[in-house]
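Printed here is query.txt (compact mmCIF, C-alpha atoms and all ligand atoms):
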```txt
# COMPACT_ATOMS: atom_id res chain seq x y z
CA MET A 954 43.62 215.47 -112.54
CA THR A 955 40.79 217.91 -113.23
CA ILE A 956 37.53 217.24 -111.39
CA ASP A 957 34.21 217.43 -113.20
CA LEU A 958 32.45 220.16 -111.21
CA LYS A 959 29.05 218.71 -112.16
CA SER A 960 29.84 215.54 -110.20
CA LEU A 961 30.37 217.54 -106.97
CA ASN A 962 27.93 218.72 -104.33
CA LYS A 963 27.64 222.42 -103.45
CA THR A 964 30.30 222.42 -100.71
CA GLN A 965 32.72 220.42 -102.83
CA ARG A 966 32.24 222.89 -105.69
CA GLN A 967 33.15 225.76 -103.37
CA PHE A 968 36.41 224.02 -102.41
CA ALA A 969 37.12 223.04 -106.02
CA THR A 970 36.59 226.65 -107.14
CA ALA A 971 38.86 228.01 -104.38
CA PHE A 972 41.64 225.42 -104.58
CA GLY A 973 41.55 224.12 -108.17
CA GLU A 974 43.62 220.99 -108.64
CA ASN A 975 44.73 221.10 -104.98
CA PHE A 976 41.25 219.89 -104.10
CA GLN A 977 40.36 216.19 -104.43
CA VAL A 978 37.51 213.93 -103.42
CA GLU A 979 37.57 210.30 -102.21
CA VAL A 980 41.30 210.26 -101.50
CA ASN A 981 42.89 207.06 -100.23
CA MET A 982 44.36 207.96 -96.84
CA ALA A 983 46.72 204.96 -96.72
CA ARG A 984 49.01 206.97 -99.03
CA PHE A 985 49.27 209.73 -96.42
CA THR A 986 49.83 207.75 -93.22
CA SER A 987 53.02 206.12 -91.95
CA SER A 988 51.00 203.00 -91.01
CA ARG A 989 49.94 202.72 -94.69
CA VAL A 990 46.32 202.03 -93.70
CA GLY A 991 43.15 204.11 -93.83
CA GLY A 992 40.09 204.39 -96.05
CA PRO A 993 39.00 207.30 -98.23
CA ALA A 994 38.82 210.92 -97.17
CA GLU A 995 35.61 212.50 -98.44
CA MET A 996 37.49 215.68 -99.41
CA MET A 997 41.12 216.80 -99.32
CA VAL A 998 42.74 220.18 -99.84
CA THR A 999 46.53 220.42 -100.06
CA ALA A 1000 47.75 223.73 -98.58
CA TYR A 1001 51.17 224.87 -99.82
CA SER A 1002 51.50 227.94 -97.57
CA ALA A 1003 50.30 229.17 -94.19
CA THR A 1004 47.95 231.49 -96.09
CA GLU A 1005 46.38 228.56 -97.97
CA LEU A 1006 46.12 226.62 -94.71
CA GLN A 1007 44.21 229.52 -93.18
CA MET A 1008 42.01 229.86 -96.30
CA ALA A 1009 41.11 226.16 -96.18
CA VAL A 1010 40.15 226.34 -92.49
CA GLU A 1011 38.11 229.50 -93.05
CA LEU A 1012 36.23 227.95 -95.98
CA ALA A 1013 35.59 224.84 -93.89
CA LEU A 1014 34.08 227.02 -91.17
CA ALA A 1015 32.05 229.07 -93.64
CA THR A 1016 30.61 225.92 -95.20
CA ASN A 1017 30.11 224.18 -91.87
CA THR A 1018 32.50 221.42 -92.90
CA ARG A 1019 34.32 219.36 -90.29
CA TYR A 1020 38.08 219.49 -90.92
CA PHE A 1021 41.19 217.64 -89.81
CA ILE A 1022 44.73 218.97 -90.22
CA LEU A 1023 47.02 216.27 -91.58
CA GLY A 1024 50.77 216.63 -91.24
CA GLY A 1025 52.93 213.57 -91.88
CA GLY A 1026 50.19 211.20 -90.72
CA SER A 1027 52.79 209.55 -88.47
CA ASN A 1028 50.87 209.72 -85.19
CA ILE A 1029 47.36 208.75 -86.29
CA LEU A 1030 45.41 205.61 -87.15
CA VAL A 1031 42.81 206.30 -89.82
CA SER A 1032 39.80 204.00 -89.95
CA ASP A 1033 39.25 201.63 -92.90
CA LYS A 1034 35.90 203.36 -93.39
CA GLY A 1035 37.72 206.61 -94.01
CA VAL A 1036 37.07 210.15 -92.92
CA SER A 1037 33.99 212.27 -93.53
CA GLY A 1038 34.47 215.99 -94.09
CA LEU A 1039 37.70 217.66 -95.12
CA ILE A 1040 41.32 216.64 -94.70
CA ILE A 1041 43.64 219.64 -94.95
CA LEU A 1042 47.00 218.25 -96.00
CA ASN A 1043 49.61 220.66 -94.69
CA ARG A 1044 52.50 221.27 -97.08
CA ALA A 1045 53.27 224.86 -95.99
CA LYS A 1046 57.06 224.76 -96.04
CA GLU A 1047 58.62 228.19 -95.75
CA ILE A 1048 61.68 228.48 -93.48
CA SER A 1049 63.67 231.57 -92.48
CA PHE A 1050 66.38 232.37 -89.93
CA ARG A 1051 67.20 235.58 -88.03
CA SER A 1052 69.73 236.54 -85.37
CA ALA A 1053 68.69 237.27 -81.79
CA GLY A 1054 71.79 238.17 -79.75
CA SER A 1055 73.96 235.08 -79.50
CA SER A 1056 71.10 232.82 -80.65
CA ILE A 1057 69.31 232.27 -83.94
CA ILE A 1058 65.54 232.12 -84.31
CA CYS A 1059 64.18 229.84 -87.01
CA MET A 1060 60.68 230.51 -88.34
CA ALA A 1061 59.22 227.37 -89.91
CA GLU A 1062 55.78 226.99 -91.42
CA SER A 1063 53.94 224.11 -89.85
CA GLY A 1064 54.08 221.78 -92.87
CA VAL A 1065 57.90 221.64 -92.84
CA ASN A 1066 59.21 218.13 -92.24
CA ILE A 1067 60.78 218.28 -88.76
CA SER A 1068 63.60 215.88 -89.61
CA THR A 1069 64.52 217.83 -92.77
CA LEU A 1070 64.49 221.04 -90.71
CA ALA A 1071 66.72 219.49 -88.04
CA ARG A 1072 69.24 218.43 -90.72
CA LYS A 1073 69.14 221.86 -92.32
CA CYS A 1074 69.89 223.44 -88.93
CA ILE A 1075 72.82 221.07 -88.39
CA SER A 1076 74.29 221.95 -91.79
CA LYS A 1077 74.10 225.64 -90.77
CA GLY A 1078 75.84 224.91 -87.45
CA LEU A 1079 72.69 225.56 -85.42
CA GLY A 1080 72.01 223.30 -82.46
CA GLY A 1081 68.87 222.31 -80.60
CA LEU A 1082 66.92 220.04 -82.92
CA GLU A 1083 69.32 217.06 -83.17
CA TRP A 1084 66.79 214.90 -81.29
CA ALA A 1085 64.38 215.41 -84.22
CA THR A 1086 66.57 214.13 -87.06
CA GLY A 1087 64.87 210.71 -86.99
CA VAL A 1088 61.35 211.83 -86.07
CA PRO A 1089 58.83 211.63 -88.94
CA GLY A 1090 56.12 214.22 -89.43
CA THR A 1091 55.77 217.98 -89.57
CA VAL A 1092 56.65 220.93 -87.37
CA GLY A 1093 52.90 221.36 -86.71
CA GLY A 1094 52.50 217.77 -85.52
CA ALA A 1095 55.59 218.12 -83.32
CA VAL A 1096 54.40 221.43 -81.81
CA VAL A 1097 50.96 219.99 -81.01
CA GLY A 1098 52.20 216.64 -79.66
CA ASN A 1099 55.39 217.93 -77.98
CA SER A 1100 57.39 215.36 -79.92
CA GLY A 1101 60.69 214.42 -78.48
CA ALA A 1102 63.44 211.86 -78.31
CA PHE A 1103 66.72 211.21 -76.52
CA GLY A 1104 66.03 213.72 -73.77
CA GLY A 1105 64.98 216.64 -76.00
CA ASP A 1106 61.53 217.73 -77.04
CA MET A 1107 59.64 220.58 -78.71
CA SER A 1108 59.17 222.39 -75.41
CA ASP A 1109 62.98 222.91 -75.28
CA ASN A 1110 63.03 224.63 -78.68
CA LEU A 1111 59.76 226.47 -79.14
CA LEU A 1112 59.65 230.21 -78.52
CA MET A 1113 56.15 230.68 -79.83
CA ALA A 1114 53.63 229.22 -82.24
CA THR A 1115 51.41 231.23 -84.55
CA VAL A 1116 47.96 229.75 -84.23
CA LEU A 1117 44.65 230.17 -86.04
CA GLU A 1118 41.66 229.90 -83.75
CA PRO A 1119 38.45 229.29 -85.70
CA GLY A 1120 36.21 232.33 -85.37
CA LYS A 1121 38.81 234.29 -83.36
CA GLY A 1122 41.67 234.88 -85.81
CA VAL A 1123 45.44 234.48 -85.72
CA TYR A 1124 47.61 235.02 -82.62
CA SER A 1125 50.76 233.77 -80.93
CA LEU A 1126 51.04 231.26 -78.13
CA SER A 1127 54.26 231.35 -76.11
CA VAL A 1128 55.91 228.13 -75.00
CA ASP A 1129 54.38 228.69 -71.53
CA GLU A 1130 50.92 229.14 -73.02
CA MET A 1131 51.36 225.82 -74.87
CA SER A 1132 51.21 224.22 -71.41
CA TYR A 1133 53.50 221.40 -72.45
CA ASP A 1134 53.77 218.07 -70.73
CA TYR A 1135 55.00 214.65 -71.88
CA ARG A 1136 53.76 214.27 -75.51
CA THR A 1137 50.94 216.74 -74.97
CA SER A 1138 50.05 220.43 -75.10
CA VAL A 1139 47.04 222.69 -74.68
CA LEU A 1140 46.32 222.07 -78.40
CA LYS A 1141 46.57 218.29 -78.16
CA ARG A 1142 44.21 218.28 -75.20
CA GLU A 1143 41.56 219.81 -77.51
CA GLN A 1144 41.37 216.50 -79.41
CA GLY A 1145 37.93 214.95 -79.34
CA LYS A 1146 36.21 218.16 -78.23
CA LEU A 1147 33.30 219.28 -80.38
CA ALA A 1148 34.59 222.79 -81.21
CA PRO A 1149 36.82 223.06 -84.30
CA ARG A 1150 40.44 222.64 -83.26
CA ARG A 1151 43.04 225.38 -83.38
CA VAL A 1152 45.63 225.17 -86.15
CA VAL A 1153 49.36 225.82 -85.91
CA LEU A 1154 50.38 227.97 -88.88
CA SER A 1155 54.07 228.36 -88.03
CA ALA A 1156 56.55 228.12 -85.20
CA GLU A 1157 59.56 230.07 -83.97
CA LEU A 1158 62.34 227.87 -82.64
CA LEU A 1159 65.38 228.96 -80.64
CA LEU A 1160 68.71 227.57 -81.85
CA LYS A 1161 72.28 227.95 -80.61
CA PRO A 1162 75.35 228.10 -82.85
CA GLU A 1163 77.61 225.06 -82.39
CA SER A 1164 80.15 223.24 -84.54
CA GLU A 1165 78.52 221.34 -87.37
CA SER A 1166 80.66 218.25 -86.70
CA ALA A 1167 79.58 218.09 -83.02
CA LEU A 1168 75.92 218.46 -83.98
CA ARG A 1169 76.22 215.84 -86.70
CA ALA A 1170 77.95 213.39 -84.34
CA ARG A 1171 75.13 213.81 -81.81
CA ALA A 1172 72.40 213.31 -84.43
CA ASP A 1173 74.22 210.28 -85.92
CA ALA A 1174 74.50 208.67 -82.48
CA PHE A 1175 70.77 209.18 -81.89
CA ASN A 1176 69.92 207.65 -85.26
CA GLU A 1177 72.22 204.64 -84.72
CA LYS A 1178 70.40 204.01 -81.44
CA ARG A 1179 67.03 204.42 -83.14
CA LYS A 1180 67.94 201.92 -85.88
CA ALA A 1181 69.12 199.38 -83.30
CA THR A 1182 66.01 199.63 -81.12
CA GLN A 1183 63.07 200.41 -83.43
CA PRO A 1184 61.63 198.39 -86.33
CA ALA A 1185 61.74 199.63 -89.91
CA GLY A 1186 58.53 199.44 -91.96
CA ALA A 1187 55.03 200.81 -91.65
CA THR A 1188 54.38 201.86 -88.05
CA MET A 1189 53.05 204.85 -86.11
CA GLY A 1190 56.00 205.11 -83.73
CA SER A 1191 55.09 204.50 -80.10
CA MET A 1192 51.54 203.24 -79.82
CA PHE A 1193 51.14 204.13 -76.13
CA LYS A 1194 52.65 206.82 -73.94
CA ASN A 1195 55.05 205.59 -71.27
CA PRO A 1196 53.13 205.43 -67.99
CA GLN A 1197 54.82 207.03 -64.98
CA ASN A 1198 57.77 204.90 -63.81
CA TYR A 1199 57.39 202.37 -66.65
CA TYR A 1200 58.04 201.91 -70.35
CA ALA A 1201 54.91 200.94 -72.29
CA GLY A 1202 57.01 198.62 -74.48
CA TYR A 1203 58.41 196.83 -71.44
CA LEU A 1204 54.90 196.26 -70.02
CA ILE A 1205 53.59 194.92 -73.36
CA GLU A 1206 56.59 192.60 -73.68
CA ALA A 1207 56.35 191.44 -70.05
CA ALA A 1208 52.66 190.72 -70.66
CA GLY A 1209 53.81 188.16 -73.25
CA LEU A 1210 52.70 190.05 -76.33
CA LYS A 1211 56.05 190.55 -78.10
CA GLY A 1212 55.56 189.38 -81.70
CA TYR A 1213 51.82 188.88 -81.15
CA ARG A 1214 49.96 189.06 -84.46
CA ASN A 1215 46.45 190.07 -85.49
CA GLY A 1216 45.76 189.77 -89.22
CA GLY A 1217 48.43 191.75 -91.03
CA ALA A 1218 49.50 193.67 -87.92
CA SER A 1219 51.96 192.55 -85.28
CA ILE A 1220 53.68 193.82 -82.16
CA SER A 1221 57.32 194.31 -83.11
CA GLU A 1222 59.89 191.74 -81.95
CA LEU A 1223 62.37 194.60 -81.63
CA HIS A 1224 60.25 197.09 -79.65
CA SER A 1225 56.91 196.03 -78.21
CA ASN A 1226 55.46 199.56 -78.27
CA PHE A 1227 55.73 199.58 -82.09
CA PHE A 1228 52.94 197.88 -84.04
CA VAL A 1229 53.93 196.96 -87.60
CA ASN A 1230 51.83 196.61 -90.75
CA ASP A 1231 53.26 193.75 -92.85
CA GLY A 1232 51.68 195.30 -95.95
CA THR A 1233 48.34 193.53 -95.62
CA ALA A 1234 47.04 195.00 -92.32
CA THR A 1235 43.78 196.86 -92.02
CA ALA A 1236 43.26 199.72 -89.57
CA GLU A 1237 40.91 197.41 -87.69
CA ASP A 1238 43.72 194.80 -87.31
CA ILE A 1239 45.84 197.48 -85.67
CA ARG A 1240 43.03 198.83 -83.48
CA GLU A 1241 42.23 195.31 -82.23
CA LEU A 1242 45.90 194.81 -81.43
CA MET A 1243 45.87 198.08 -79.46
CA ALA A 1244 42.81 196.92 -77.53
CA GLU A 1245 44.43 193.53 -76.83
CA ALA A 1246 47.62 195.15 -75.52
CA PHE A 1247 45.59 197.56 -73.38
CA HIS A 1248 43.50 194.80 -71.78
CA VAL A 1249 46.30 192.28 -71.23
CA VAL A 1250 48.56 194.93 -69.62
CA LYS A 1251 45.67 196.12 -67.44
CA ASP A 1252 44.86 192.55 -66.33
CA LYS A 1253 48.47 191.67 -65.55
CA PHE A 1254 49.85 194.92 -64.17
CA HIS A 1255 46.78 197.08 -63.34
CA VAL A 1256 48.17 199.86 -65.53
CA ASP A 1257 45.94 201.78 -67.98
CA LEU A 1258 48.00 202.43 -71.10
CA ASP A 1259 47.21 205.80 -72.66
CA PRO A 1260 47.35 205.78 -76.50
CA GLU A 1261 49.86 208.19 -78.02
CA VAL A 1262 48.37 207.50 -81.46
CA GLU A 1263 45.10 209.28 -82.29
CA LEU A 1264 42.24 207.36 -83.89
CA VAL A 1265 40.84 209.37 -86.79
CA GLY A 1266 37.75 208.89 -88.97
CA ILE A 1267 34.68 206.66 -88.79
CA TRP A 1268 34.94 203.86 -86.21
CA ASP A 1269 32.20 201.42 -85.17
CA PHE A 1270 32.95 201.04 -81.46
C1 LIG B 1301 58.85 205.39 -87.18
C2 LIG B 1301 58.30 206.45 -86.25
C3 LIG B 1301 59.10 206.95 -85.24
C4 LIG B 1301 58.60 207.95 -84.38
N1 LIG B 1301 59.43 208.42 -83.39
C5 LIG B 1301 58.98 209.39 -82.59
C6 LIG B 1301 59.83 209.94 -81.57
O1 LIG B 1301 60.97 209.57 -81.42
N2 LIG B 1301 59.30 210.90 -80.78
C7 LIG B 1301 58.04 211.37 -80.94
O2 LIG B 1301 57.62 212.26 -80.19
N3 LIG B 1301 57.21 210.88 -81.88
C8 LIG B 1301 57.65 209.91 -82.71
N4 LIG B 1301 56.82 209.40 -83.67
C9 LIG B 1301 55.44 209.90 -83.78
C10 LIG B 1301 55.31 211.09 -84.76
O3 LIG B 1301 56.41 211.15 -85.62
C11 LIG B 1301 55.19 212.42 -84.03
O4 LIG B 1301 54.14 212.39 -83.13
C12 LIG B 1301 55.00 213.58 -85.02
O5 LIG B 1301 55.28 214.79 -84.36
C13 LIG B 1301 53.62 213.64 -85.64
O6 LIG B 1301 53.64 214.66 -86.62
P1 LIG B 1301 52.72 214.56 -87.93
O7 LIG B 1301 52.95 215.78 -88.72
O8 LIG B 1301 52.95 213.26 -88.60
O9 LIG B 1301 51.27 214.59 -87.26
P2 LIG B 1301 49.95 213.85 -87.78
O10 LIG B 1301 50.09 212.39 -87.48
O11 LIG B 1301 49.66 214.24 -89.17
O12 LIG B 1301 48.88 214.51 -86.80
C14 LIG B 1301 48.93 214.26 -85.41
C15 LIG B 1301 47.96 215.22 -84.70
O13 LIG B 1301 48.47 216.55 -84.79
C16 LIG B 1301 47.49 217.39 -85.40
N5 LIG B 1301 48.20 218.37 -86.23
C17 LIG B 1301 49.15 218.13 -87.17
N6 LIG B 1301 49.56 219.30 -87.70
C18 LIG B 1301 48.85 220.27 -87.10
C19 LIG B 1301 48.81 221.69 -87.22
N7 LIG B 1301 49.58 222.34 -88.10
N8 LIG B 1301 47.94 222.38 -86.43
C20 LIG B 1301 47.13 221.75 -85.56
N9 LIG B 1301 47.12 220.40 -85.41
C21 LIG B 1301 47.97 219.68 -86.17
C22 LIG B 1301 46.65 216.46 -86.26
O14 LIG B 1301 45.39 217.05 -86.56
C23 LIG B 1301 46.58 215.26 -85.34
O15 LIG B 1301 45.63 215.50 -84.33
C24 LIG B 1301 57.29 208.43 -84.54
C25 LIG B 1301 56.49 207.93 -85.59
C26 LIG B 1301 56.99 206.96 -86.43
C27 LIG B 1301 56.14 206.46 -87.56
```
Mind converting the file's structure to structure tokens?
Ligand SMILES: Cc1cc2nc3c(=O)[nH]c(=O)nc-3n(C[C@H](O)[C@H](O)[C@H](O)COP(=O)(O)OP(=O)(O)OC[C@H]3O[C@@H](n4cnc5c(N)ncnc54)[C@H](O)[C@@H]3O)c2cc1C
Amino acid sequence: MTIDLKSLNKTQRQFATAFGENFQVEVNMARFTSSRVGGPAEMMVTAYSATELQMAVELALATNTRYFILGGGSNILVSDKGVSGLIILNRAKEISFRSAGSSIICMAESGVNISTLARKCISKGLGGLEWATGVPGTVGGAVVGNSGAFGGDMSDNLLMATVLEPGKGVYSLSVDEMSYDYRTSVLKREQGKLAPRRVVLSAELLLKPESESALRARADAFNEKRKATQPAGATMGSMFKNPQNYYAGYLIEAAGLKGYRNGGASISELHSNFFVNDGTATAEDIRELMAEAFHVVKDKFHVDLDPEVELVGIWDF
């Protein structure tokens, strides 16, 4: 849909001129989040390459516009009031492979869907990413959050990430420089800080040749387990990180909250660390449910649950 330039303010016109129909205003974020909630984004640019991603960030900086990089929207809770500033929707999807001795290095732009990439690697007989076949979201989201499952995670695969640092340019960060820990990295720890956050443009992943049937069997077993233990429907995956020596889901269930409902959101009967939108939930329903789980677990077990999901946008509290 073409935007009437006259209806836009000066900054919006600059984005519209640079990005044409890949620029939109007042975009409903519920369409772009796995929880299917979230109010309007003031502005959105869809970037179809690492170059466009970089251009969008640079224009945001030049126009003093606050930006947020959106991958699959599968690890965030966007407020009902929406998001001011610019959402940069990352759809940079180039993938290439090259040999490195007995291994293969895969270069993936950060908007590649991690599960699609994992399946592509399996079909080429390349092992390492089987854990990711059922993980929603993008390579960028996985690199930042050190996504993982079934004993594997991004820190096992990453060789280096190409990163754009606002005002400083593009450079590589090795896996050591990513300073990975459980579901976090040096880039994730920048969340909430005032300075514009660094952006992952692409990643190089180390893969090992293995028989396609063995890789497929491993991925299928992981996905069977996932289906048996996690609810289908609109969720954000694990709401809280597992505290040391515990499972967050176990604590929430033991606190008596399994199945607990708030408006259109409920704590899954199948896995208490998954909060499900029944199709009518608001972001506020989910946030209140998070707060309830946090407080009840703290009261009963004296454990502070640490959210894995990031709250994005305009919140009242
Ligand atoms: C059903 C379900 C199952 C899940 N299972 C798992 C699981 O098994 N293991 C697991 O680890 N997670 C799991 N998750 C959570 C989620 O899939 C991962 O955290 C995923 O890596 C998030 O990627 P994303 O692209 O959706 O990130 P988003 O939700 O879009 O963004 C998350 C954060 O990363 C930042 N970000 C995204 N891309 C970039 C980039 N290119 N550069 C800089 N910052 C960026 C965003 O700004 C934001 O701060 C699950 C989620 C769901 C809904």
Residue nearest Met997 (chain A) among A:Asn1215, A:Ser960, A:Asn1017, A:Asn1043 (counting all atoms listed in the file):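 Of the candidates, the smallest distance to Met997 (chain A) is held by A:Asn1043.
Counting from CA of Val1036 (chain A), the distance to atom N7 of ligand LIG 1301 (chain B) is 18.1 Å.
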Return the padded bounding box of region 1213-1228 of chain A as AutoDock Vina command-line options: axis-aligned, built from all atoms listed in the file, 8 Å added on each side, with centre and edge lengths in Å to one decimal.
```
--center_x 54.1 --center_y 194.2 --center_z -84.6 --size_x 32.6 --size_y 26.7 --size_z 28.8
```
For Asn1195 (chain A), the nearest of the candidates A:Ser1221, A:Ser1076, A:Ser1155, A:Asn1226, counting all atoms listed in the file: A:Asn1226
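CA of Arg1179 (chain A) is positioned 10.9 Å from atom C26 of ligand LIG 1301 (chain B).
Atom pair atom O4 of ligand LIG 1301 (chain B) / CA of Gly1145 (chain A): separated by 16.8 Å.
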From A:Trp1084, A:Trp1268, A:Tyr1133, A:Tyr1001, residue lying nearest ligand LIG 1301 (chain B) [all atoms listed in the file]: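 Nearest to ligand LIG 1301 (chain B): A:Trp1084.
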Please identify the residues whose atoms come within 8 Å of ligand LIG 1301 (chain B), using all atoms listed in the file, and report them as a JSON list (two decimals) with C-alpha atoms, keeping the file's coordinate frame.
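Resulting contents of part.json:
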```
[["chain", "number", "residue", "atom", "x", "y", "z"],
["A", 986, "THR", "CA", 49.83, 207.75, -93.22],
["A", 987, "SER", "CA", 53.02, 206.12, -91.95],
["A", 988, "SER", "CA", 51.00, 203.00, -91.01],
["A", 1021, "PHE", "CA", 41.19, 217.64, -89.81],
["A", 1022, "ILE", "CA", 44.73, 218.97, -90.22],
["A", 1023, "LEU", "CA", 47.02, 216.27, -91.58],
["A", 1024, "GLY", "CA", 50.77, 216.63, -91.24],
["A", 1025, "GLY", "CA", 52.93, 213.57, -91.88],
["A", 1026, "GLY", "CA", 50.19, 211.20, -90.72],
["A", 1027, "SER", "CA", 52.79, 209.55, -88.47],
["A", 1028, "ASN", "CA", 50.87, 209.72, -85.19],
["A", 1029, "ILE", "CA", 47.36, 208.75, -86.29],
["A", 1043, "ASN", "CA", 49.61, 220.66, -94.69],
["A", 1063, "SER", "CA", 53.94, 224.11, -89.85],
["A", 1064, "GLY", "CA", 54.08, 221.78, -92.87],
["A", 1066, "ASN", "CA", 59.21, 218.13, -92.24],
["A", 1067, "ILE", "CA", 60.78, 218.28, -88.76],
["A", 1084, "TRP", "CA", 66.79, 214.90, -81.29],
["A", 1085, "ALA", "CA", 64.38, 215.41, -84.22],
["A", 1087, "GLY", "CA", 64.87, 210.71, -86.99],
["A", 1088, "VAL", "CA", 61.35, 211.83, -86.07],
["A", 1089, "PRO", "CA", 58.83, 211.63, -88.94],
["A", 1090, "GLY", "CA", 56.12, 214.22, -89.43],
["A", 1091, "THR", "CA", 55.77, 217.98, -89.57],
["A", 1092, "VAL", "CA", 56.65, 220.93, -87.37],
["A", 1093, "GLY", "CA", 52.90, 221.36, -86.71],
["A", 1094, "GLY", "CA", 52.50, 217.77, -85.52],
["A", 1095, "ALA", "CA", 55.59, 218.12, -83.32],
["A", 1096, "VAL", "CA", 54.40, 221.43, -81.81],
["A", 1097, "VAL", "CA", 50.96, 219.99, -81.01],
["A", 1098, "GLY", "CA", 52.20, 216.64, -79.66],
["A", 1099, "ASN", "CA", 55.39, 217.93, -77.98],
["A", 1100, "SER", "CA", 57.39, 215.36, -79.92],
["A", 1101, "GLY", "CA", 60.69, 214.42, -78.48],
["A", 1102, "ALA", "CA", 63.44, 211.86, -78.31],
["A", 1103, "PHE", "CA", 66.72, 211.21, -76.52],
["A", 1106, "ASP", "CA", 61.53, 217.73, -77.04],
["A", 1116, "VAL", "CA", 47.96, 229.75, -84.23],
["A", 1136, "ARG", "CA", 53.76, 214.27, -75.51],
["A", 1140, "LEU", "CA", 46.32, 222.07, -78.40],
["A", 1141, "LYS", "CA", 46.57, 218.29, -78.16],
["A", 1144, "GLN", "CA", 41.37, 216.50, -79.41],
["A", 1150, "ARG", "CA", 40.44, 222.64, -83.26],
["A", 1151, "ARG", "CA", 43.04, 225.38, -83.38],
["A", 1152, "VAL", "CA", 45.63, 225.17, -86.15],
["A", 1153, "VAL", "CA", 49.36, 225.82, -85.91],
["A", 1154, "LEU", "CA", 50.38, 227.97, -88.88],
["A", 1155, "SER", "CA", 54.07, 228.36, -88.03],
["A", 1183, "GLN", "CA", 63.07, 200.41, -83.43],
["A", 1184, "PRO", "CA", 61.63, 198.39, -86.33],
["A", 1185, "ALA", "CA", 61.74, 199.63, -89.91],
["A", 1186, "GLY", "CA", 58.53, 199.44, -91.96],
["A", 1187, "ALA", "CA", 55.03, 200.81, -91.65],
["A", 1188, "THR", "CA", 54.38, 201.86, -88.05],
["A", 1189, "MET", "CA", 53.05, 204.85, -86.11],
["A", 1190, "GLY", "CA", 56.00, 205.11, -83.73],
["A", 1191, "SER", "CA", 55.09, 204.50, -80.10],
["A", 1261, "GLU", "CA", 49.86, 208.19, -78.02],
["A", 1262, "VAL", "CA", 48.37, 207.50, -81.46],
["A", 1263, "GLU", "CA", 45.10, 209.28, -82.29]]
```
Near-Ile1040 (chain A) list (12 Å; only C-alpha atoms; drop same-chain fewer than 4 positions) as a PyMOL selection string: chain A and resi 968+975-982+985+993-1000+1006+1009-1010+1013+1018-1024+1026+1031+1035-1036+1265-1266
